[in-house]
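This is final07.cif. It holds mmCIF, C-alpha atoms; chains and numbers go by the auth columns.
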data_final
loop_
_atom_site.group_PDB
_atom_site.id
_atom_site.type_symbol
_atom_site.label_atom_id
_atom_site.label_comp_id
_atom_site.label_asym_id
_atom_site.label_seq_id
_atom_site.Cartn_x
_atom_site.Cartn_y
_atom_site.Cartn_z
_atom_site.B_iso_or_equiv
_atom_site.auth_seq_id
_atom_site.auth_asym_id
ATOM 1 C CA MET A 1 -193.551 -78.243 133.173 0.00 1 H
ATOM 2 C CA SER A 2 -192.236 -81.076 135.332 0.00 2 H
ATOM 3 C CA ALA A 3 -194.475 -84.088 135.934 0.00 3 H
ATOM 4 C CA ARG A 4 -193.646 -83.957 139.627 0.00 4 H
ATOM 5 C CA GLN A 5 -196.481 -83.202 141.990 0.00 5 H
ATOM 6 C CA SER A 6 -197.165 -82.933 145.679 0.00 6 H
ATOM 7 C CA THR A 7 -198.363 -86.205 147.193 0.00 7 H
ATOM 8 C CA SER A 8 -199.563 -87.406 150.582 0.00 8 H
ATOM 9 C CA GLY A 9 -196.141 -89.011 151.002 0.00 9 H
ATOM 10 C CA HIS A 10 -194.433 -85.623 150.867 0.00 10 H
ATOM 11 C CA TRP A 11 -196.660 -84.292 153.647 0.00 11 H
ATOM 12 C CA ASP A 12 -196.551 -87.397 155.817 0.00 12 H
ATOM 13 C CA ARG A 13 -192.768 -87.151 155.735 0.00 13 H
ATOM 14 C CA TYR A 14 -192.802 -83.382 156.243 0.00 14 H
ATOM 15 C CA TRP A 15 -194.903 -83.457 159.431 0.00 15 H
ATOM 16 C CA ALA A 16 -193.220 -86.589 160.770 0.00 16 H
ATOM 17 C CA GLU A 17 -189.933 -84.655 160.642 0.00 17 H
ATOM 18 C CA ARG A 18 -191.487 -81.550 162.232 0.00 18 H
ATOM 19 C CA GLU A 19 -193.514 -82.862 165.139 0.00 19 H
ATOM 20 C CA GLU A 20 -191.491 -80.574 167.387 0.00 20 H
ATOM 21 C CA ILE A 21 -193.598 -77.607 166.369 0.00 21 H
ATOM 22 C CA ASP A 22 -191.390 -74.994 168.042 0.00 22 H
ATOM 23 C CA ASP A 23 -188.741 -75.725 165.405 0.00 23 H
ATOM 24 C CA VAL A 24 -191.163 -74.917 162.561 0.00 24 H
ATOM 25 C CA TYR A 25 -191.507 -71.330 161.369 0.00 25 H
ATOM 26 C CA SER A 26 -194.997 -69.943 161.778 0.00 26 H
ATOM 27 C CA ASN A 27 -196.573 -67.354 159.504 0.00 27 H
ATOM 28 C CA GLU A 28 -195.977 -64.822 162.321 0.00 28 H
ATOM 29 C CA ASP A 29 -199.733 -64.632 163.022 0.00 29 H
ATOM 30 C CA ARG A 30 -200.265 -63.253 159.514 0.00 30 H
ATOM 31 C CA ILE A 31 -203.562 -65.083 159.056 0.00 31 H
ATOM 32 C CA ALA A 32 -204.875 -64.370 162.557 0.00 32 H
ATOM 33 C CA ARG A 33 -204.140 -60.662 162.138 0.00 33 H
ATOM 34 C CA GLN A 34 -205.960 -60.496 158.809 0.00 34 H
ATOM 35 C CA LEU A 35 -208.987 -62.270 160.283 0.00 35 H
ATOM 36 C CA ALA A 36 -209.103 -60.105 163.404 0.00 36 H
ATOM 37 C CA VAL A 37 -211.542 -57.692 161.752 0.00 37 H
ATOM 38 C CA LEU A 38 -214.149 -60.411 161.103 0.00 38 H
ATOM 39 C CA PRO A 39 -216.790 -61.213 163.778 0.00 39 H
ATOM 40 C CA LEU A 40 -215.953 -64.883 164.256 0.00 40 H
ATOM 41 C CA ASP A 41 -216.773 -65.439 167.931 0.00 41 H
ATOM 42 C CA GLY A 42 -219.074 -68.476 168.055 0.00 42 H
ATOM 43 C CA CYS A 43 -218.867 -68.964 164.285 0.00 43 H
ATOM 44 C CA TRP A 44 -217.950 -72.164 162.460 0.00 44 H
ATOM 45 C CA CYS A 45 -214.566 -71.967 160.706 0.00 45 H
ATOM 46 C CA CYS A 46 -212.710 -74.503 158.583 0.00 46 H
ATOM 47 C CA GLU A 47 -208.988 -74.579 157.877 0.00 47 H
ATOM 48 C CA VAL A 48 -208.317 -76.640 154.756 0.00 48 H
ATOM 49 C CA GLY A 49 -204.937 -78.359 154.573 0.00 49 H
ATOM 50 C CA ALA A 50 -204.457 -77.512 158.227 0.00 50 H
ATOM 51 C CA GLY A 51 -200.804 -78.520 158.605 0.00 51 H
ATOM 52 C CA SER A 52 -199.640 -77.316 162.021 0.00 52 H
ATOM 53 C CA GLY A 53 -203.098 -75.900 162.834 0.00 53 H
ATOM 54 C CA ARG A 54 -201.655 -72.877 164.618 0.00 54 H
ATOM 55 C CA ASP A 55 -204.048 -70.448 162.945 0.00 55 H
ATOM 56 C CA SER A 56 -207.035 -72.642 163.799 0.00 56 H
ATOM 57 C CA LEU A 57 -205.956 -72.849 167.418 0.00 57 H
ATOM 58 C CA GLU A 58 -205.799 -69.068 167.596 0.00 58 H
ATOM 59 C CA LEU A 59 -209.355 -68.840 166.237 0.00 59 H
ATOM 60 C CA ALA A 60 -210.477 -71.430 168.783 0.00 60 H
ATOM 61 C CA ARG A 61 -208.856 -69.344 171.512 0.00 61 H
ATOM 62 C CA ARG A 62 -210.911 -66.377 170.308 0.00 62 H
ATOM 63 C CA GLY A 63 -214.155 -68.354 170.599 0.00 63 H
ATOM 64 C CA SER A 64 -214.661 -69.828 167.137 0.00 64 H
ATOM 65 C CA LYS A 65 -215.775 -73.414 166.537 0.00 65 H
ATOM 66 C CA VAL A 66 -213.065 -74.833 164.321 0.00 66 H
ATOM 67 C CA VAL A 67 -212.751 -77.795 161.943 0.00 67 H
ATOM 68 C CA VAL A 68 -209.260 -78.700 160.718 0.00 68 H
ATOM 69 C CA LEU A 69 -209.256 -80.687 157.486 0.00 69 H
ATOM 70 C CA ASP A 70 -206.249 -82.470 156.035 0.00 70 H
ATOM 71 C CA TYR A 71 -205.688 -85.566 153.916 0.00 71 H
ATOM 72 C CA VAL A 72 -202.717 -86.802 155.941 0.00 72 H
ATOM 73 C CA ARG A 73 -203.210 -87.811 159.557 0.00 73 H
ATOM 74 C CA THR A 74 -199.635 -87.005 160.591 0.00 74 H
ATOM 75 C CA SER A 75 -200.465 -83.326 160.980 0.00 75 H
ATOM 76 C CA PHE A 76 -203.295 -84.148 163.409 0.00 76 H
ATOM 77 C CA ARG A 77 -200.747 -85.398 165.948 0.00 77 H
ATOM 78 C CA VAL A 78 -199.052 -81.999 165.803 0.00 78 H
ATOM 79 C CA ILE A 79 -202.382 -80.184 166.176 0.00 79 H
ATOM 80 C CA ARG A 80 -203.662 -82.363 169.025 0.00 80 H
ATOM 81 C CA ARG A 81 -200.465 -81.908 171.023 0.00 81 H
ATOM 82 C CA GLN A 82 -200.800 -78.123 170.827 0.00 82 H
ATOM 83 C CA ALA A 83 -204.557 -78.158 171.510 0.00 83 H
ATOM 84 C CA ASP A 84 -204.115 -80.327 174.601 0.00 84 H
ATOM 85 C CA ALA A 85 -201.386 -78.057 175.937 0.00 85 H
ATOM 86 C CA LEU A 86 -203.609 -75.002 175.472 0.00 86 H
ATOM 87 C CA GLY A 87 -206.828 -76.629 176.661 0.00 87 H
ATOM 88 C CA LEU A 88 -208.546 -75.926 173.325 0.00 88 H
ATOM 89 C CA THR A 89 -210.874 -78.012 171.174 0.00 89 H
ATOM 90 C CA VAL A 90 -210.703 -78.362 167.408 0.00 90 H
ATOM 91 C CA HIS A 91 -212.432 -80.966 165.253 0.00 91 H
ATOM 92 C CA PRO A 92 -210.087 -82.911 162.915 0.00 92 H
ATOM 93 C CA VAL A 93 -211.470 -84.296 159.649 0.00 93 H
ATOM 94 C CA CYS A 94 -209.359 -86.439 157.320 0.00 94 H
ATOM 95 C CA ALA A 95 -210.674 -85.875 153.797 0.00 95 H
ATOM 96 C CA ASP A 96 -209.895 -84.745 150.255 0.00 96 H
ATOM 97 C CA ALA A 97 -210.088 -80.954 149.963 0.00 97 H
ATOM 98 C CA HIS A 98 -211.704 -81.353 146.535 0.00 98 H
ATOM 99 C CA ARG A 99 -214.603 -83.346 147.999 0.00 99 H
ATOM 100 C CA MET A 100 -215.160 -82.061 151.507 0.00 100 H
ATOM 101 C CA PRO A 101 -217.766 -84.001 153.519 0.00 101 H
ATOM 102 C CA PHE A 102 -219.803 -80.917 154.420 0.00 102 H
ATOM 103 C CA ARG A 103 -223.114 -79.504 153.272 0.00 103 H
ATOM 104 C CA ASP A 104 -223.324 -76.370 151.168 0.00 104 H
ATOM 105 C CA GLY A 105 -222.873 -73.196 153.213 0.00 105 H
ATOM 106 C CA THR A 106 -221.626 -74.932 156.386 0.00 106 H
ATOM 107 C CA PHE A 107 -218.935 -72.430 157.428 0.00 107 H
ATOM 108 C CA ASP A 108 -218.820 -68.731 158.173 0.00 108 H
ATOM 109 C CA LEU A 109 -215.124 -68.782 157.298 0.00 109 H
ATOM 110 C CA VAL A 110 -213.010 -71.105 155.169 0.00 110 H
ATOM 111 C CA PHE A 111 -209.298 -70.444 154.932 0.00 111 H
ATOM 112 C CA HIS A 112 -205.996 -72.000 153.946 0.00 112 H
ATOM 113 C CA GLN A 113 -202.359 -71.021 153.905 0.00 113 H
ATOM 114 C CA GLY A 114 -199.705 -72.834 151.882 0.00 114 H
ATOM 115 C CA LEU A 115 -202.221 -75.051 150.063 0.00 115 H
ATOM 116 C CA LEU A 116 -203.466 -73.660 146.747 0.00 116 H
ATOM 117 C CA GLU A 117 -199.977 -73.475 145.258 0.00 117 H
ATOM 118 C CA HIS A 118 -199.728 -77.274 145.288 0.00 118 H
ATOM 119 C CA PHE A 119 -202.516 -77.733 142.718 0.00 119 H
ATOM 120 C CA ARG A 120 -201.914 -77.274 139.009 0.00 120 H
ATOM 121 C CA ASP A 121 -205.529 -76.222 138.465 0.00 121 H
ATOM 122 C CA PRO A 122 -206.631 -74.003 141.386 0.00 122 H
ATOM 123 C CA MET A 123 -210.281 -73.690 140.393 0.00 123 H
ATOM 124 C CA PRO A 124 -211.712 -77.035 141.633 0.00 124 H
ATOM 125 C CA LEU A 125 -210.320 -76.385 145.120 0.00 125 H
ATOM 126 C CA VAL A 126 -211.500 -72.772 145.276 0.00 126 H
ATOM 127 C CA ARG A 127 -214.963 -73.677 143.973 0.00 127 H
ATOM 128 C CA GLU A 128 -215.231 -76.375 146.651 0.00 128 H
ATOM 129 C CA ASN A 129 -214.149 -73.799 149.246 0.00 129 H
ATOM 130 C CA ALA A 130 -216.881 -71.476 147.980 0.00 130 H
ATOM 131 C CA ARG A 131 -219.477 -74.251 148.095 0.00 131 H
ATOM 132 C CA VAL A 132 -219.039 -74.903 151.821 0.00 132 H
ATOM 133 C CA THR A 133 -218.844 -71.191 152.674 0.00 133 H
ATOM 134 C CA ALA A 134 -222.128 -69.702 153.919 0.00 134 H
ATOM 135 C CA PRO A 135 -223.721 -66.813 151.988 0.00 135 H
ATOM 136 C CA GLY A 136 -222.184 -63.667 153.438 0.00 136 H
ATOM 137 C CA GLY A 137 -219.270 -65.716 154.780 0.00 137 H
ATOM 138 C CA HIS A 138 -215.607 -65.301 153.872 0.00 138 H
ATOM 139 C CA LEU A 139 -212.820 -67.233 152.193 0.00 139 H
ATOM 140 C CA LEU A 140 -209.157 -66.404 152.833 0.00 140 H
ATOM 141 C CA VAL A 141 -206.502 -67.835 150.517 0.00 141 H
ATOM 142 C CA ASP A 142 -202.808 -67.265 151.310 0.00 142 H
ATOM 143 C CA VAL A 143 -200.091 -68.243 148.786 0.00 143 H
ATOM 144 C CA PRO A 144 -196.491 -67.521 147.711 0.00 144 H
ATOM 145 C CA GLN A 145 -196.057 -64.439 145.534 0.00 145 H
ATOM 146 C CA THR A 146 -194.487 -64.756 142.085 0.00 146 H
ATOM 147 C CA PHE A 147 -191.819 -62.034 142.010 0.00 147 H
ATOM 148 C CA HIS A 148 -189.575 -63.009 144.900 0.00 148 H
ATOM 149 C CA VAL A 149 -186.208 -64.697 145.464 0.00 149 H
ATOM 150 C CA TYR A 150 -188.108 -67.499 147.226 0.00 150 H
ATOM 151 C CA THR A 151 -189.749 -68.342 143.889 0.00 151 H
ATOM 152 C CA ALA A 152 -186.466 -68.512 141.998 0.00 152 H
ATOM 153 C CA ALA A 153 -184.817 -70.704 144.644 0.00 153 H
ATOM 154 C CA LYS A 154 -187.891 -72.928 144.864 0.00 154 H
ATOM 155 C CA HIS A 155 -188.014 -73.590 141.126 0.00 155 H
ATOM 156 C CA ALA A 156 -184.305 -74.383 141.059 0.00 156 H
ATOM 157 C CA MET A 157 -184.883 -77.016 143.758 0.00 157 H
ATOM 158 C CA ILE A 158 -187.950 -78.386 141.940 0.00 158 H
ATOM 159 C CA LEU A 159 -185.838 -78.732 138.791 0.00 159 H
ATOM 160 C CA ILE A 160 -183.310 -80.965 140.561 0.00 160 H
ATOM 161 C CA GLY A 161 -185.965 -82.867 142.510 0.00 161 H
ATOM 162 C CA ARG A 162 -185.063 -81.487 145.927 0.00 162 H
ATOM 163 C CA TRP A 163 -188.140 -79.419 146.800 0.00 163 H
ATOM 164 C CA PHE A 164 -189.768 -80.772 149.964 0.00 164 H
ATOM 165 C CA ALA A 165 -193.302 -80.698 148.471 0.00 165 H
ATOM 166 C CA GLY A 166 -192.398 -82.147 145.083 0.00 166 H
ATOM 167 C CA TRP A 167 -193.971 -79.320 143.086 0.00 167 H
ATOM 168 C CA GLU A 168 -195.362 -75.869 143.779 0.00 168 H
ATOM 169 C CA THR A 169 -196.421 -72.756 141.906 0.00 169 H
ATOM 170 C CA GLU A 170 -197.169 -69.159 142.940 0.00 170 H
ATOM 171 C CA PHE A 171 -199.477 -66.230 142.156 0.00 171 H
ATOM 172 C CA THR A 172 -199.365 -62.499 141.642 0.00 172 H
ATOM 173 C CA PRO A 173 -201.933 -60.431 143.574 0.00 173 H
ATOM 174 C CA ALA A 174 -203.958 -59.895 140.390 0.00 174 H
ATOM 175 C CA GLU A 175 -203.906 -63.615 139.516 0.00 175 H
ATOM 176 C CA LEU A 176 -205.087 -64.626 142.978 0.00 176 H
ATOM 177 C CA GLU A 177 -207.936 -62.096 142.875 0.00 177 H
ATOM 178 C CA ARG A 178 -209.015 -63.406 139.455 0.00 178 H
ATOM 179 C CA VAL A 179 -209.122 -66.993 140.755 0.00 179 H
ATOM 180 C CA LEU A 180 -211.445 -66.043 143.607 0.00 180 H
ATOM 181 C CA GLY A 181 -213.563 -63.894 141.304 0.00 181 H
ATOM 182 C CA ARG A 182 -214.021 -66.807 138.890 0.00 182 H
ATOM 183 C CA ALA A 183 -215.395 -68.841 141.805 0.00 183 H
ATOM 184 C CA GLY A 184 -218.174 -66.271 142.226 0.00 184 H
ATOM 185 C CA LEU A 185 -216.644 -64.531 145.235 0.00 185 H
ATOM 186 C CA ILE A 186 -216.294 -60.795 145.842 0.00 186 H
ATOM 187 C CA VAL A 187 -212.750 -59.673 146.657 0.00 187 H
ATOM 188 C CA VAL A 188 -212.647 -57.675 149.889 0.00 188 H
ATOM 189 C CA ARG A 189 -208.923 -56.977 149.994 0.00 189 H
ATOM 190 C CA THR A 190 -205.479 -58.382 149.280 0.00 190 H
ATOM 191 C CA TYR A 191 -202.531 -58.193 151.664 0.00 191 H
ATOM 192 C CA GLY A 192 -198.881 -59.184 151.573 0.00 192 H
ATOM 193 C CA GLU A 193 -196.008 -59.878 153.944 0.00 193 H
ATOM 194 C CA TRP A 194 -192.304 -60.552 153.723 0.00 194 H
ATOM 195 C CA MET A 195 -190.306 -63.538 154.950 0.00 195 H
ATOM 196 C CA VAL A 196 -188.311 -62.701 158.089 0.00 196 H
ATOM 197 C CA PRO A 197 -185.766 -64.220 158.489 0.00 197 H
ATOM 198 C CA GLY A 198 -185.154 -64.727 154.796 0.00 198 H
ATOM 199 C CA PHE A 199 -185.513 -67.864 152.706 0.00 199 H
ATOM 200 C CA PHE A 200 -181.802 -68.657 152.512 0.00 200 H
ATOM 201 C CA TYR A 201 -181.290 -68.406 156.267 0.00 201 H
ATOM 202 C CA ARG A 202 -184.285 -70.673 156.894 0.00 202 H
ATOM 203 C CA SER A 203 -183.027 -73.203 154.349 0.00 203 H
ATOM 204 C CA LEU A 204 -179.548 -73.235 155.900 0.00 204 H
ATOM 205 C CA ARG A 205 -180.987 -73.645 159.395 0.00 205 H
ATOM 206 C CA TYR A 206 -183.166 -76.600 158.368 0.00 206 H
ATOM 207 C CA ALA A 207 -180.299 -78.250 156.464 0.00 207 H
ATOM 208 C CA LEU A 208 -177.931 -78.006 159.438 0.00 208 H
ATOM 209 C CA MET A 209 -180.606 -79.282 161.829 0.00 209 H
ATOM 210 C CA ARG A 210 -181.538 -82.187 159.569 0.00 210 H
ATOM 211 C CA GLY A 211 -177.905 -83.171 159.190 0.00 211 H
ATOM 212 C CA ARG A 212 -177.413 -82.747 162.958 0.00 212 H
ATOM 213 C CA VAL A 213 -174.485 -80.454 162.224 0.00 213 H
ATOM 214 C CA ALA A 214 -175.548 -77.361 164.182 0.00 214 H
ATOM 215 C CA ARG A 215 -178.609 -75.632 165.566 0.00 215 H
ATOM 216 C CA LEU A 216 -178.807 -72.008 164.466 0.00 216 H
ATOM 217 C CA PRO A 217 -181.147 -69.624 166.318 0.00 217 H
ATOM 218 C CA LYS A 218 -184.632 -69.527 164.842 0.00 218 H
ATOM 219 C CA TYR A 219 -184.540 -65.742 164.647 0.00 219 H
ATOM 220 C CA PRO A 220 -181.007 -64.314 164.334 0.00 220 H
ATOM 221 C CA ARG A 221 -180.235 -60.918 165.798 0.00 221 H
ATOM 222 C CA GLU A 222 -180.610 -58.098 163.298 0.00 222 H
ATOM 223 C CA VAL A 223 -177.425 -56.409 162.112 0.00 223 H
ATOM 224 C CA TRP A 224 -177.676 -52.634 162.448 0.00 224 H
ATOM 225 C CA PRO A 225 -178.611 -50.679 160.372 0.00 225 H
ATOM 226 C CA PHE A 226 -180.085 -53.300 158.037 0.00 226 H
ATOM 227 C CA GLY A 227 -182.745 -54.477 160.482 0.00 227 H
ATOM 228 C CA PRO A 228 -184.333 -51.033 161.062 0.00 228 H
ATOM 229 C CA LEU A 229 -183.955 -50.119 157.378 0.00 229 H
ATOM 230 C CA GLY A 230 -185.628 -53.365 156.377 0.00 230 H
ATOM 231 C CA ARG A 231 -188.572 -52.787 158.709 0.00 231 H
ATOM 232 C CA ALA A 232 -189.010 -49.211 157.473 0.00 232 H
ATOM 233 C CA GLY A 233 -188.830 -50.309 153.843 0.00 233 H
ATOM 234 C CA ARG A 234 -191.394 -53.054 154.329 0.00 234 H
ATOM 235 C CA ALA A 235 -193.734 -50.649 156.116 0.00 235 H
ATOM 236 C CA TRP A 236 -193.503 -48.187 153.219 0.00 236 H
ATOM 237 C CA LEU A 237 -194.079 -50.881 150.580 0.00 237 H
ATOM 238 C CA GLY A 238 -196.994 -52.269 152.572 0.00 238 H
ATOM 239 C CA ARG A 239 -198.891 -49.012 152.090 0.00 239 H
ATOM 240 C CA HIS A 240 -198.853 -49.319 148.286 0.00 240 H
ATOM 241 C CA ARG A 241 -200.493 -51.795 145.896 0.00 241 H
ATOM 242 C CA ALA A 242 -197.231 -52.160 143.983 0.00 242 H
ATOM 243 C CA GLY A 243 -195.564 -53.244 147.214 0.00 243 H
ATOM 244 C CA LEU A 244 -197.571 -56.487 147.143 0.00 244 H
ATOM 245 C CA TYR A 245 -195.443 -57.525 144.169 0.00 245 H
ATOM 246 C CA THR A 246 -192.338 -57.552 146.381 0.00 246 H
ATOM 247 C CA CYS A 247 -193.823 -59.691 149.155 0.00 247 H
ATOM 248 C CA ALA A 248 -192.910 -63.307 149.758 0.00 248 H
ATOM 249 C CA MET A 249 -196.490 -64.219 150.664 0.00 249 H
ATOM 250 C CA ILE A 250 -199.824 -62.709 149.675 0.00 250 H
ATOM 251 C CA GLY A 251 -203.405 -63.448 150.555 0.00 251 H
ATOM 252 C CA THR A 252 -206.857 -62.424 149.431 0.00 252 H
ATOM 253 C CA ILE A 253 -209.994 -62.230 151.567 0.00 253 H
ATOM 254 C CA ALA A 254 -213.219 -62.640 149.568 0.00 254 H
ATOM 255 C CA ARG A 255 -216.894 -62.711 150.510 0.00 255 H
ATOM 256 C CA LYS A 256 -219.578 -65.043 149.206 0.00 256 H
ATOM 257 C CA PRO A 257 -222.593 -63.075 147.987 0.00 257 H
ATOM 258 C CA SER A 258 -225.638 -63.283 150.269 0.00 258 H
#

Please lay out the structure from this file as structure tokens.
Amino acid sequence: MSARQSTSGHWDRYWAEREEIDDVYSNEDRIARQLAVLPLDGCWCCEVGAGSGRDSLELARRGSKVVVLDYVRTSFRVIRRQADALGLTVHPVCADAHRMPFRDGTFDLVFHQGLLEHFRDPMPLVRENARVTAPGGHLLVDVPQTFHVYTAAKHAMILIGRWFAGWETEFTPAELERVLGRAGLIVVRTYGEWMVPGFFYRSLRYALMRGRVARLPKYPREVWPFGPLGRAGRAWLGRHRAGLYTCAMIGTIARKPS
């Protein structure tokens, strides 16, 4: 395994280059939709490794009290700009996710997307997540899924030292559920979603933008009949456990025992 790792420098550079948040792909409200079934109005929530903070801002819009934690301050500029525009309040905390400055059981919900895969040993982070989650509260962890073209392309770029985050891994649905179970949490359910538009289109778009060569549309028009067929296929796969193993991204929601 390569000695490369993700560092604060990678993320400072990443968010400095993406302060224009409209140019950055969102997770298409994946997290917000999964959390919609939880009664979070007036509850304390914490997004760990907040990045753009878009999911936290949606929770704040719904009435949650939200802390955004990150160990690089660059992302807070992105979050504050959005919060000010929307008239919302979130509470930024700059800290190490392995040693969060909160008491045991502080939050009704702890969640992160695009974070766990950057740690070679996931357990210290997940156990710290569980520590600050209140009894009966929930933890949501969202990560890349192992069996996908995104994974193959990512590891090729890691091998030649061109991956934006330095290093990254991935999980199968079963592996992610085992990690949360080992932290003493009870798995509620696991979900998955696909990357639309695809990884290669996104990579090409970013490369052309960075080189100031061209500006491709963020979401290209679907080419009939592949667009409708793709949507129908994803809907069918989404109804089956095996379909999770074709998704680009997966997540597990777990509950801390009362």

H:Arg77, H:His138, H:Arg127, H:Arg255 ranked by distance to H:Cys45, top pick (using all atoms listed in the file): H:His138

Polymer residues at most 10 Å from H:Leu185, only C-alpha atoms, same-chain spacing of 2 or more positions, as a ChimeraX atom specification: /H:126-127,130,136-139,177-183,187-188,253-257

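Going from atom CA of H:Val132 to atom CA of H:Leu109 covers 9.1 Å.
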
Result set of the PyMOL selection byres ((chain H and resi 154) around 12) on the coordinates above, as a PyMOL selection string: chain H and resi 144-153+155-170+199-200+203+248

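With all atoms listed in the file as the atoms that count, the minimum distance from H:Phe107 to the choices H:Tyr71, H:Tyr206, H:Trp44, H:Phe76 is reached by H:Trp44.
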